[in-house]
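**Q** Next up, my_file_14.csv (CSV, C-alpha atoms).
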chain,number,residue,atom,x,y,z
A,1,CYS,CA,185.7,-112.2,110.1
A,2,ARG,CA,186.2,-115.4,108.1
A,3,GLY,CA,183.5,-117.1,110.1
A,4,LEU,CA,181.1,-114.2,109.3
A,5,GLN,CA,182.1,-114.4,105.6
A,6,LEU,CA,181.2,-118.1,105.5
A,7,LEU,CA,177.9,-117.3,107.2
A,8,ALA,CA,177.1,-114.6,104.7
A,9,ARG,CA,177.6,-117.1,101.9
A,10,ASN,CA,175.1,-119.5,103.4
A,11,PRO,CA,172.4,-120.1,100.8
A,12,GLN,CA,169.7,-120.6,103.4
A,13,VAL,CA,170.2,-117.0,104.7
A,14,TRP,CA,169.8,-115.6,101.2
A,15,GLU,CA,166.8,-117.9,100.4
A,16,ALA,CA,165.0,-116.6,103.5
A,17,ARG,CA,165.6,-113.0,102.5
A,18,CYS,CA,164.5,-113.6,98.9
A,19,ARG,CA,161.3,-115.3,99.9
A,20,ASP,CA,160.6,-112.5,102.4
A,21,VAL,CA,161.3,-109.6,100.0
A,22,PHE,CA,159.8,-111.1,96.8
A,23,SER,CA,156.6,-112.4,98.3
A,24,ALA,CA,154.4,-109.5,97.4
A,25,ARG,CA,151.3,-109.9,95.2
A,26,GLY,CA,152.1,-109.6,91.5
A,27,LEU,CA,155.7,-111.0,91.7
A,28,LEU,CA,156.7,-114.3,90.2
A,29,PRO,CA,157.6,-117.2,92.5
A,30,SER,CA,161.2,-117.0,93.5
A,31,SER,CA,161.7,-120.7,92.9
A,32,THR,CA,160.8,-120.3,89.2
A,33,LEU,CA,163.4,-117.6,88.7
A,34,LEU,CA,166.3,-119.2,90.5
A,35,ARG,CA,167.7,-120.7,87.2
A,36,ASP,CA,168.0,-117.2,85.7
A,37,PHE,CA,170.3,-116.1,88.5
A,38,SER,CA,172.7,-119.1,88.1
A,39,TRP,CA,170.9,-121.0,90.9
A,40,SER,CA,172.2,-118.5,93.5
A,41,TRP,CA,169.8,-117.0,96.1
A,42,ARG,CA,172.4,-114.4,96.8
A,43,SER,CA,172.6,-113.3,93.2
A,44,MET,CA,168.8,-113.1,93.1
A,45,PHE,CA,168.6,-110.9,96.1
A,46,MET,CA,171.3,-108.5,94.7
A,47,LEU,CA,170.3,-108.4,91.0
A,48,ARG,CA,166.5,-108.9,91.0
A,49,PRO,CA,164.8,-105.5,91.0
A,50,ARG,CA,163.1,-104.9,94.3
A,51,LEU,CA,161.0,-102.1,95.8
A,52,ARG,CA,162.4,-100.5,98.9
A,53,LEU,CA,159.9,-100.1,101.8
A,54,ASP,CA,162.3,-98.6,104.4
A,55,GLY,CA,162.5,-95.1,103.1
A,56,LEU,CA,161.2,-92.5,100.6
A,57,TYR,CA,161.5,-92.2,96.8
A,58,PHE,CA,161.6,-88.6,95.6
A,59,VAL,CA,162.1,-86.7,92.4
A,60,ALA,CA,163.0,-83.0,92.2
A,61,HIS,CA,161.7,-80.6,89.5
A,62,THR,CA,163.2,-77.2,88.8
A,63,LYS,CA,160.9,-74.6,87.2
A,64,LEU,CA,161.6,-71.1,85.9
A,65,ILE,CA,159.0,-68.8,87.3
A,66,ARG,CA,160.4,-65.5,86.0
A,67,GLY,CA,162.9,-65.0,83.3
A,68,MET,CA,166.2,-63.2,83.7
A,69,PRO,CA,165.4,-60.0,81.8
A,70,GLU,CA,162.0,-59.5,83.3
A,71,GLY,CA,161.4,-56.7,85.8
A,72,HIS,CA,164.5,-54.8,84.9
A,73,GLY,CA,164.3,-51.4,86.7
A,74,MET,CA,161.0,-52.2,88.4
A,75,LYS,CA,161.1,-51.6,92.1
A,76,GLU,CA,158.8,-51.9,95.1
A,77,LEU,CA,159.9,-50.8,98.6
A,78,ASP,CA,163.4,-50.3,97.2
A,79,THR,CA,163.6,-53.9,96.0
A,80,ASP,CA,164.5,-54.5,92.4
A,81,PHE,CA,162.5,-57.3,90.7
A,82,TYR,CA,165.3,-57.9,88.3
A,83,SER,CA,167.4,-61.0,88.9
A,84,PRO,CA,170.3,-61.9,86.6
A,85,VAL,CA,169.9,-65.6,87.4
A,86,GLY,CA,166.1,-65.6,87.1
A,87,LYS,CA,163.5,-66.7,89.6
A,88,TRP,CA,163.4,-70.5,90.1
A,89,SER,CA,161.2,-72.8,92.0
A,90,ILE,CA,162.1,-76.3,93.1
A,91,TYR,CA,159.4,-78.7,94.1
A,92,TYR,CA,159.5,-82.4,95.1
A,93,ARG,CA,157.3,-85.4,94.5
A,94,ILE,CA,157.7,-87.9,97.2
A,95,PHE,CA,156.5,-91.5,97.3
A,96,LYS,CA,156.3,-94.0,100.2
A,97,PHE,CA,155.2,-97.6,99.8
A,98,TYR,CA,154.0,-100.2,102.3
A,99,PRO,CA,153.9,-104.1,102.2
A,100,ASN,CA,150.1,-104.2,102.2
A,101,GLY,CA,149.7,-102.4,98.9
A,102,ALA,CA,149.1,-98.9,100.4
A,103,MET,CA,151.2,-95.9,99.4
A,104,TRP,CA,151.1,-92.1,99.6
A,105,CYS,CA,152.3,-89.3,97.4
A,106,TYR,CA,153.3,-85.9,98.6
A,107,LEU,CA,154.0,-82.8,96.5
A,108,CYS,CA,155.8,-80.0,98.3
A,109,SER,CA,158.0,-77.0,97.7
A,110,VAL,CA,158.4,-75.5,101.1
A,111,THR,CA,160.2,-78.5,102.6
A,112,ASN,CA,162.7,-80.9,101.1
A,113,PRO,CA,162.9,-84.7,101.4
A,114,ALA,CA,165.6,-84.6,104.1
A,115,GLU,CA,163.1,-82.7,106.3
A,116,VAL,CA,160.1,-84.8,105.3
A,117,ARG,CA,161.9,-88.0,106.3
A,118,LYS,CA,161.3,-87.7,110.0
A,119,PRO,CA,157.6,-87.1,110.0
A,120,ALA,CA,157.1,-89.6,107.2
A,121,ALA,CA,158.6,-92.3,109.4
A,122,GLY,CA,155.7,-92.0,111.8
A,123,VAL,CA,152.9,-92.4,109.2
A,124,ASN,CA,151.1,-95.7,109.6
A,125,PRO,CA,148.7,-97.1,106.9
A,126,SER,CA,146.5,-98.7,109.5
A,127,VAL,CA,145.9,-95.2,110.9
A,128,PRO,CA,145.0,-93.1,107.9
A,129,ALA,CA,144.8,-89.9,110.0
A,130,SER,CA,148.5,-90.1,110.7
A,131,LEU,CA,149.2,-88.7,107.2
A,132,GLN,CA,147.8,-85.4,108.3
A,133,ARG,CA,151.3,-84.5,109.6
A,134,LEU,CA,152.2,-84.1,105.9
A,135,ARG,CA,149.7,-81.5,104.8
A,136,GLY,CA,148.6,-82.1,101.2
A,137,ALA,CA,149.7,-85.7,101.0
A,138,CYS,CA,147.2,-88.3,99.7
A,139,TRP,CA,146.8,-92.0,100.2
A,140,GLY,CA,146.8,-94.3,97.3
A,141,THR,CA,147.3,-98.0,96.3
A,142,TYR,CA,149.9,-99.7,94.1
A,143,GLN,CA,150.2,-103.1,92.3
A,144,LEU,CA,153.4,-104.8,91.3
A,145,ASN,CA,153.7,-106.6,88.0
A,146,GLU,CA,156.8,-108.8,87.2
A,147,GLN,CA,157.5,-110.6,83.9
A,148,LEU,CA,160.4,-112.6,82.6
A,149,CYS,CA,161.4,-111.6,79.0
A,150,ASN,CA,164.4,-113.1,77.3
A,151,GLY,CA,166.0,-114.1,80.6
A,152,LYS,CA,165.5,-110.6,82.1
A,153,VAL,CA,163.2,-109.7,84.9
A,154,LEU,CA,161.0,-106.7,84.1
A,155,THR,CA,159.2,-105.2,87.1
A,156,THR,CA,156.6,-102.4,86.9
A,157,ILE,CA,154.4,-100.6,89.4
A,158,SER,CA,150.9,-99.2,88.7
A,159,ALA,CA,150.0,-96.6,91.4
A,160,VAL,CA,146.7,-94.8,91.8
A,161,VAL,CA,146.3,-91.8,94.1
A,162,PRO,CA,142.8,-90.2,94.5
A,163,LEU,CA,143.0,-86.4,95.1
A,164,ARG,CA,140.8,-85.6,98.1
A,165,LEU,CA,141.9,-82.7,100.2
A,166,GLU,CA,139.8,-81.5,103.1
A,167,GLN,CA,141.3,-78.0,102.9
A,168,TYR,CA,140.0,-77.7,99.3
A,169,PRO,CA,136.4,-79.0,99.4
A,170,ARG,CA,135.5,-77.3,96.0
A,171,MET,CA,138.4,-78.8,94.1
A,172,LYS,CA,137.5,-81.0,91.2
A,173,SER,CA,137.9,-84.6,92.1
A,174,ALA,CA,140.5,-86.5,90.1
A,175,THR,CA,142.7,-89.5,90.3
A,176,VAL,CA,146.4,-89.4,89.6
A,177,GLY,CA,148.0,-92.5,88.0
A,178,TYR,CA,151.6,-93.5,87.7
A,179,ILE,CA,153.4,-96.2,85.8
A,180,ILE,CA,156.8,-96.9,87.3
A,181,GLU,CA,159.6,-99.2,86.2
A,182,LEU,CA,162.3,-100.8,88.3
A,183,SER,CA,165.2,-101.1,85.9
A,184,ASN,CA,169.0,-101.3,85.6
A,185,ALA,CA,169.4,-103.9,88.4
A,186,ARG,CA,172.8,-103.9,90.1
A,187,ALA,CA,174.4,-105.1,93.3
A,188,ALA,CA,173.7,-102.3,95.7
A,189,ALA,CA,171.5,-101.4,98.6
A,190,SER,CA,169.1,-99.7,96.2
A,191,ASN,CA,169.7,-102.2,93.5
A,192,CYS,CA,167.6,-100.7,90.7
A,193,ASP,CA,166.4,-97.3,89.3
A,194,PHE,CA,162.9,-96.1,90.2
A,195,LYS,CA,161.8,-94.6,86.9
A,196,ILE,CA,158.4,-92.9,86.2
A,197,LEU,CA,157.3,-94.0,82.7
A,198,GLU,CA,153.8,-92.4,82.7
A,199,HIS,CA,152.0,-89.7,84.8
A,200,ARG,CA,148.4,-88.9,84.1
A,201,CYS,CA,145.5,-87.2,85.8
A,202,VAL,CA,142.0,-88.8,85.3
A,203,TYR,CA,139.0,-86.6,85.8
A,204,ASP,CA,136.3,-88.7,84.1
A,205,VAL,CA,137.1,-91.9,82.3
A,206,ARG,CA,133.7,-92.2,80.6
A,207,SER,CA,134.0,-88.8,79.0
A,208,GLY,CA,137.6,-89.3,78.2
A,209,ASP,CA,138.7,-86.4,80.4
A,210,VAL,CA,142.2,-87.7,81.0
A,211,LYS,CA,145.3,-85.5,80.9
A,212,GLN,CA,148.7,-86.9,80.3
A,213,LEU,CA,151.3,-85.0,82.3
A,214,GLU,CA,154.9,-84.4,81.4
A,215,VAL,CA,157.7,-86.3,83.2
A,216,PRO,CA,160.8,-84.0,83.0
A,217,ARG,CA,163.0,-86.1,85.3
A,218,PRO,CA,161.8,-89.7,85.3
A,219,VAL,CA,164.5,-91.3,87.6
A,220,CYS,CA,163.8,-90.8,91.3
A,221,GLY,CA,166.2,-90.9,94.2
A,222,PHE,CA,165.9,-93.0,97.4
A,223,MET,CA,166.4,-91.9,100.9
A,224,PRO,CA,166.3,-94.5,103.7
A,225,PHE,CA,164.9,-93.7,107.2
A,226,TYR,CA,167.9,-95.1,109.1
A,227,ILE,CA,170.6,-92.8,107.8
A,228,ASP,CA,171.8,-89.7,109.6
A,229,THR,CA,170.9,-86.1,108.7
A,230,PRO,CA,174.2,-85.2,106.9
A,231,THR,CA,173.9,-88.3,104.7
A,232,ALA,CA,170.3,-87.5,103.9
A,233,ARG,CA,171.2,-84.0,102.9
A,234,GLU,CA,173.9,-85.3,100.6
A,235,ILE,CA,171.3,-87.6,98.9
A,236,TRP,CA,168.9,-84.7,98.6
A,237,HIS,CA,171.6,-82.4,97.0
A,238,SER,CA,172.8,-85.1,94.6
A,239,HIS,CA,169.3,-85.6,93.2
A,240,THR,CA,168.2,-82.0,93.0
A,241,PRO,CA,169.3,-80.2,89.7
A,242,LEU,CA,170.7,-76.7,89.9
A,243,LEU,CA,170.4,-76.5,93.7
A,244,GLU,CA,174.0,-75.8,94.4
A,245,GLU,CA,174.4,-73.6,91.3
A,246,LEU,CA,171.4,-71.4,92.3
A,247,ALA,CA,172.6,-71.1,95.9
A,248,GLN,CA,176.1,-70.0,94.7
A,249,ALA,CA,174.6,-67.5,92.3
A,250,GLU,CA,172.4,-66.0,94.9
A,251,ALA,CA,175.3,-65.7,97.4
A,252,LEU,CA,177.4,-64.0,94.7
A,253,LEU,CA,174.6,-61.5,94.0
A,254,SER,CA,174.2,-60.8,97.7
A,255,CYS,CA,177.9,-60.1,98.0
A,256,ARG,CA,177.8,-57.7,95.0
A,257,ARG,CA,174.8,-55.8,96.5
A,258,LYS,CA,176.6,-55.4,99.8
A,259,ALA,CA,179.7,-54.2,98.0
A,260,LYS,CA,177.7,-51.6,96.1
A,261,MET,CA,176.0,-50.4,99.3
A,262,LEU,CA,179.4,-50.0,101.0
A,263,VAL,CA,180.8,-48.1,98.1
A,264,ALA,CA,177.7,-45.8,98.0
A,265,ALA,CA,178.0,-45.2,101.8
A,266,SER,CA,181.7,-44.3,101.6
A,267,GLN,CA,181.0,-41.7,99.0
Rewrite the coordinates I just gave you, this time as C-alpha cells.
**A**
Amino acid sequence: CRGLQLLARNPQVWEARCRDVFSARGLLPSSTLLRDFSWSWRSMFMLRPRLRLDGLYFVAHTKLIRGMPEGHGMKELDTDFYSPVGKWSIYYRIFKFYPNGAMWCYLCSVTNPAEVRKPAAGVNPSVPASLQRLRGACWGTYQLNEQLCNGKVLTTISAVVPLRLEQYPRMKSATVGYIIELSNARAAASNCDFKILEHRCVYDVRSGDVKQLEVPRPVCGFMPFYIDTPTAREIWHSHTPLLEELAQAEALLSCRRKAKMLVAASQ
C-alpha cells in the first residue's frame, strides 16, 4: 500500500491526467494555470472544474398538474378524481457530452435516469442513428469557455440543441440554448456543480422570436455509467424532489382505501 501511495503522488501521473482531461477546445493551457494550484498537478486535477464525459447529467422537475381540492366528488367508473396530495408529474432533462463537441439532450417523464443509463451508454456520436433508442432525444453541440478571474477558474458551457423530430414533422422548428456553469470546485469524483444559468428557445433570431424559459432547479446531478443499479437508483432518488414523499403519500392513501373497503364489506 505504501508503494501505491508513493506512485499516486507522482507528479508525472497527475500531469498526464490533467493534459488529457483539460485538452478540449476553449480551455486554458494547463501549464499557464499550474501556478494558481500551488504548482501541483494533483491539486489541479482535483480542484479545477471539469466536465464529466463518462455518464449522464440530469435534473428533475416536479410539476403540479391538478390541485388538491379539484375533482372532489367527481367519479368516473367508480374512480374518484379527488386526491388529497394532488396530481403531480415528474419529468427529467438529461444531458450527455462527448469529447468531439457533440452532445444530446433528452426530455422524458415515463422513464427515469437510472433506466436511461443503459441505452444511453450505447449511443455513439459517429452513428447519429444510434440516438433513436432514446425516442425524442436530439443531437446538439457545445463549446467550453474557461477564464481566470482573481485567481479563480471560471468554466462555462454554451450548448445548442436544434429541435427536429421525425415523429412530429409539422412542429415549428426551433433551437434550444443552454448556458451552463461548472462551479463550486472540490476534491471529489464529480468535482464541481453542473448549474444551468440560462435556458432559452429560439424560433427566429431575425424577428426576435426568442423565449426565455424558467430554470426552477438549476443544479443537475451526475450519474456515471460504471456504477451498479442500486447506486444509480440512490443517485436518482437523492436528486429528485418530493419523490419519496409522494410515494409514501400514495401508499398511505391506498391503505386507507383498502381499509374502507374492508369495513364496508364487513357491514
**Q** Using all atoms listed in the file, determine which residues lie at most 10 Å from segment 123-131 of chain A, disregarding the query and same-chain residues fewer than 5 positions distant; provide the list as a tab-separated table (two decimals) with C-alpha atoms, in the frame of the given file.
**A**
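Saved the output as result_20.tsv:
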chain	number	residue	atom	x	y	z
A	96	LYS	CA	156.30	-94.00	100.20
A	97	PHE	CA	155.20	-97.60	99.80
A	98	TYR	CA	154.00	-100.20	102.30
A	99	PRO	CA	153.90	-104.10	102.20
A	100	ASN	CA	150.10	-104.20	102.20
A	101	GLY	CA	149.70	-102.40	98.90
A	102	ALA	CA	149.10	-98.90	100.40
A	103	MET	CA	151.20	-95.90	99.40
A	104	TRP	CA	151.10	-92.10	99.60
A	106	TYR	CA	153.30	-85.90	98.60
A	118	LYS	CA	161.30	-87.70	110.00
A	136	GLY	CA	148.60	-82.10	101.20
A	137	ALA	CA	149.70	-85.70	101.00
A	138	CYS	CA	147.20	-88.30	99.70
A	139	TRP	CA	146.80	-92.00	100.20
**Q** Rounded to one decimal place, report the atom CA of Asp204 of chain A-atom CA of Leu182 of chain A distance in Å.
**A**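 Distance reported for this atom pair: 29.0 Å.
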**Q** To one decimal in Å, tell me the separation between atom CA of Arg48 of chain A and atom CA of Val153 of chain A.
**A** 7.0 Å
**Q** Have a look at atom CA of Leu51 of chain A and atom CA of Cys105 of chain A and let me know their distance in Å, one decimal.
**A** 15.6 Å
**Q** With a cut-off of 10 Å, could you pull out the residues of segment 102-202 of chain A touching segment 221-228 of chain A and give me the nearest pair of atoms for each, distance in Å to one decimal, using all atoms listed in the file, ordered by chain and ascending number, as a Markdown table?
**A**
| residue | atom | partner | partner_atom | distance |
| --- | --- | --- | --- | --- |
| A:Pro113 | CA | A:Met223 | CA | 8.0 |
| A:Ala114 | CA | A:Met223 | CA | 8.0 |
| A:Arg117 | CA | A:Phe225 | CA | 6.5 |
| A:Lys118 | CA | A:Phe225 | CA | 7.5 |
| A:Ala120 | CA | A:Phe225 | CA | 8.8 |
| A:Ala121 | CA | A:Phe225 | CA | 6.8 |
| A:Ser190 | CA | A:Phe222 | CA | 7.5 |
| A:Asp193 | CA | A:Gly221 | CA | 8.1 |
| A:Phe194 | CA | A:Gly221 | CA | 7.3 |
| A:Lys195 | CA | A:Gly221 | CA | 9.3 |
**Q** Around the point (169.0, -101.9, 94.5) (coordinates from the file), which residues reach within 9 Å if we count all atoms listed in the file? Answer as a list of chain:residue names.
**A**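 In the file's frame, the residues around the point are A:Met46, A:Leu47, A:Arg48, A:Pro49, A:Arg50, A:Leu51, A:Arg52, A:Asn184, A:Ala185, A:Arg186, A:Ala187, A:Ala188, A:Ala189, A:Ser190, A:Asn191, A:Cys192, A:Asp193.
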**Q** For the selection you just gave me, I'd like the residues written to a file as a PDB file, in the coordinates of the input, keeping C-alpha atoms.
**A**
ATOM      1  CA  MET A  46     171.300-108.500  94.700  1.00  0.00           C
ATOM      2  CA  LEU A  47     170.300-108.400  91.000  1.00  0.00           C
ATOM      3  CA  ARG A  48     166.500-108.900  91.000  1.00  0.00           C
ATOM      4  CA  PRO A  49     164.800-105.500  91.000  1.00  0.00           C
ATOM      5  CA  ARG A  50     163.100-104.900  94.300  1.00  0.00           C
ATOM      6  CA  LEU A  51     161.000-102.100  95.800  1.00  0.00           C
ATOM      7  CA  ARG A  52     162.400-100.500  98.900  1.00  0.00           C
ATOM      8  CA  ASN A 184     169.000-101.300  85.600  1.00  0.00           C
ATOM      9  CA  ALA A 185     169.400-103.900  88.400  1.00  0.00           C
ATOM     10  CA  ARG A 186     172.800-103.900  90.100  1.00  0.00           C
ATOM     11  CA  ALA A 187     174.400-105.100  93.300  1.00  0.00           C
ATOM     12  CA  ALA A 188     173.700-102.300  95.700  1.00  0.00           C
ATOM     13  CA  ALA A 189     171.500-101.400  98.600  1.00  0.00           C
ATOM     14  CA  SER A 190     169.100 -99.700  96.200  1.00  0.00           C
ATOM     15  CA  ASN A 191     169.700-102.200  93.500  1.00  0.00           C
ATOM     16  CA  CYS A 192     167.600-100.700  90.700  1.00  0.00           C
ATOM     17  CA  ASP A 193     166.400 -97.300  89.300  1.00  0.00           C
TER      18      ASP A 193
END
**Q** Skipping near chain neighbours, those fewer than 3 positions away, what residues fall within 7 Å of segment 36-45 of chain A using all atoms listed in the file, listed as a list of chain:residue names?
**A**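 These residues fall inside the cut-off: A:Pro11, A:Trp14, A:Glu15, A:Cys18, A:Leu33, A:Arg48, A:Gly151.
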**Q** Looking at A:Glu115, A:Ala159, A:Ala174, A:Ala8, which one is nearest to Val210 of chain A, with distances taken over all atoms listed in the file?
**A**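 Under the stated criterion, the closest residue is A:Ala174.
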**Q** Just want the 7 Å neighbourhood of Ile157 of chain A, counted on only C-alpha atoms, with same-chain residues fewer than 4 positions away dropped. Output as a tab-separated table (two decimals) with C-alpha atoms, in the coordinates of the input.
**A**
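around-v9.tsv written:
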chain	number	residue	atom	x	y	z
A	142	TYR	CA	149.90	-99.70	94.10
A	143	GLN	CA	150.20	-103.10	92.30
A	144	LEU	CA	153.40	-104.80	91.30
A	145	ASN	CA	153.70	-106.60	88.00
A	179	ILE	CA	153.40	-96.20	85.80
A	180	ILE	CA	156.80	-96.90	87.30
A	181	GLU	CA	159.60	-99.20	86.20
**Q** With distances taken over only C-alpha atoms, which of A:Tyr92, A:Tyr203, A:Tyr178, A:Phe22 is nearest to Val160 of chain A?
**A**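 Looking only at the distances to Val160 of chain A, the closest residue turns out to be A:Tyr178.
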**Q** Measuring between only C-alpha atoms, which one of A:Cys220, A:Cys201, A:Ala232, A:Leu148 shows the shortest distance to Leu27 of chain A?
**A**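 For Leu27 of chain A, the nearest of the given residues is A:Leu148.
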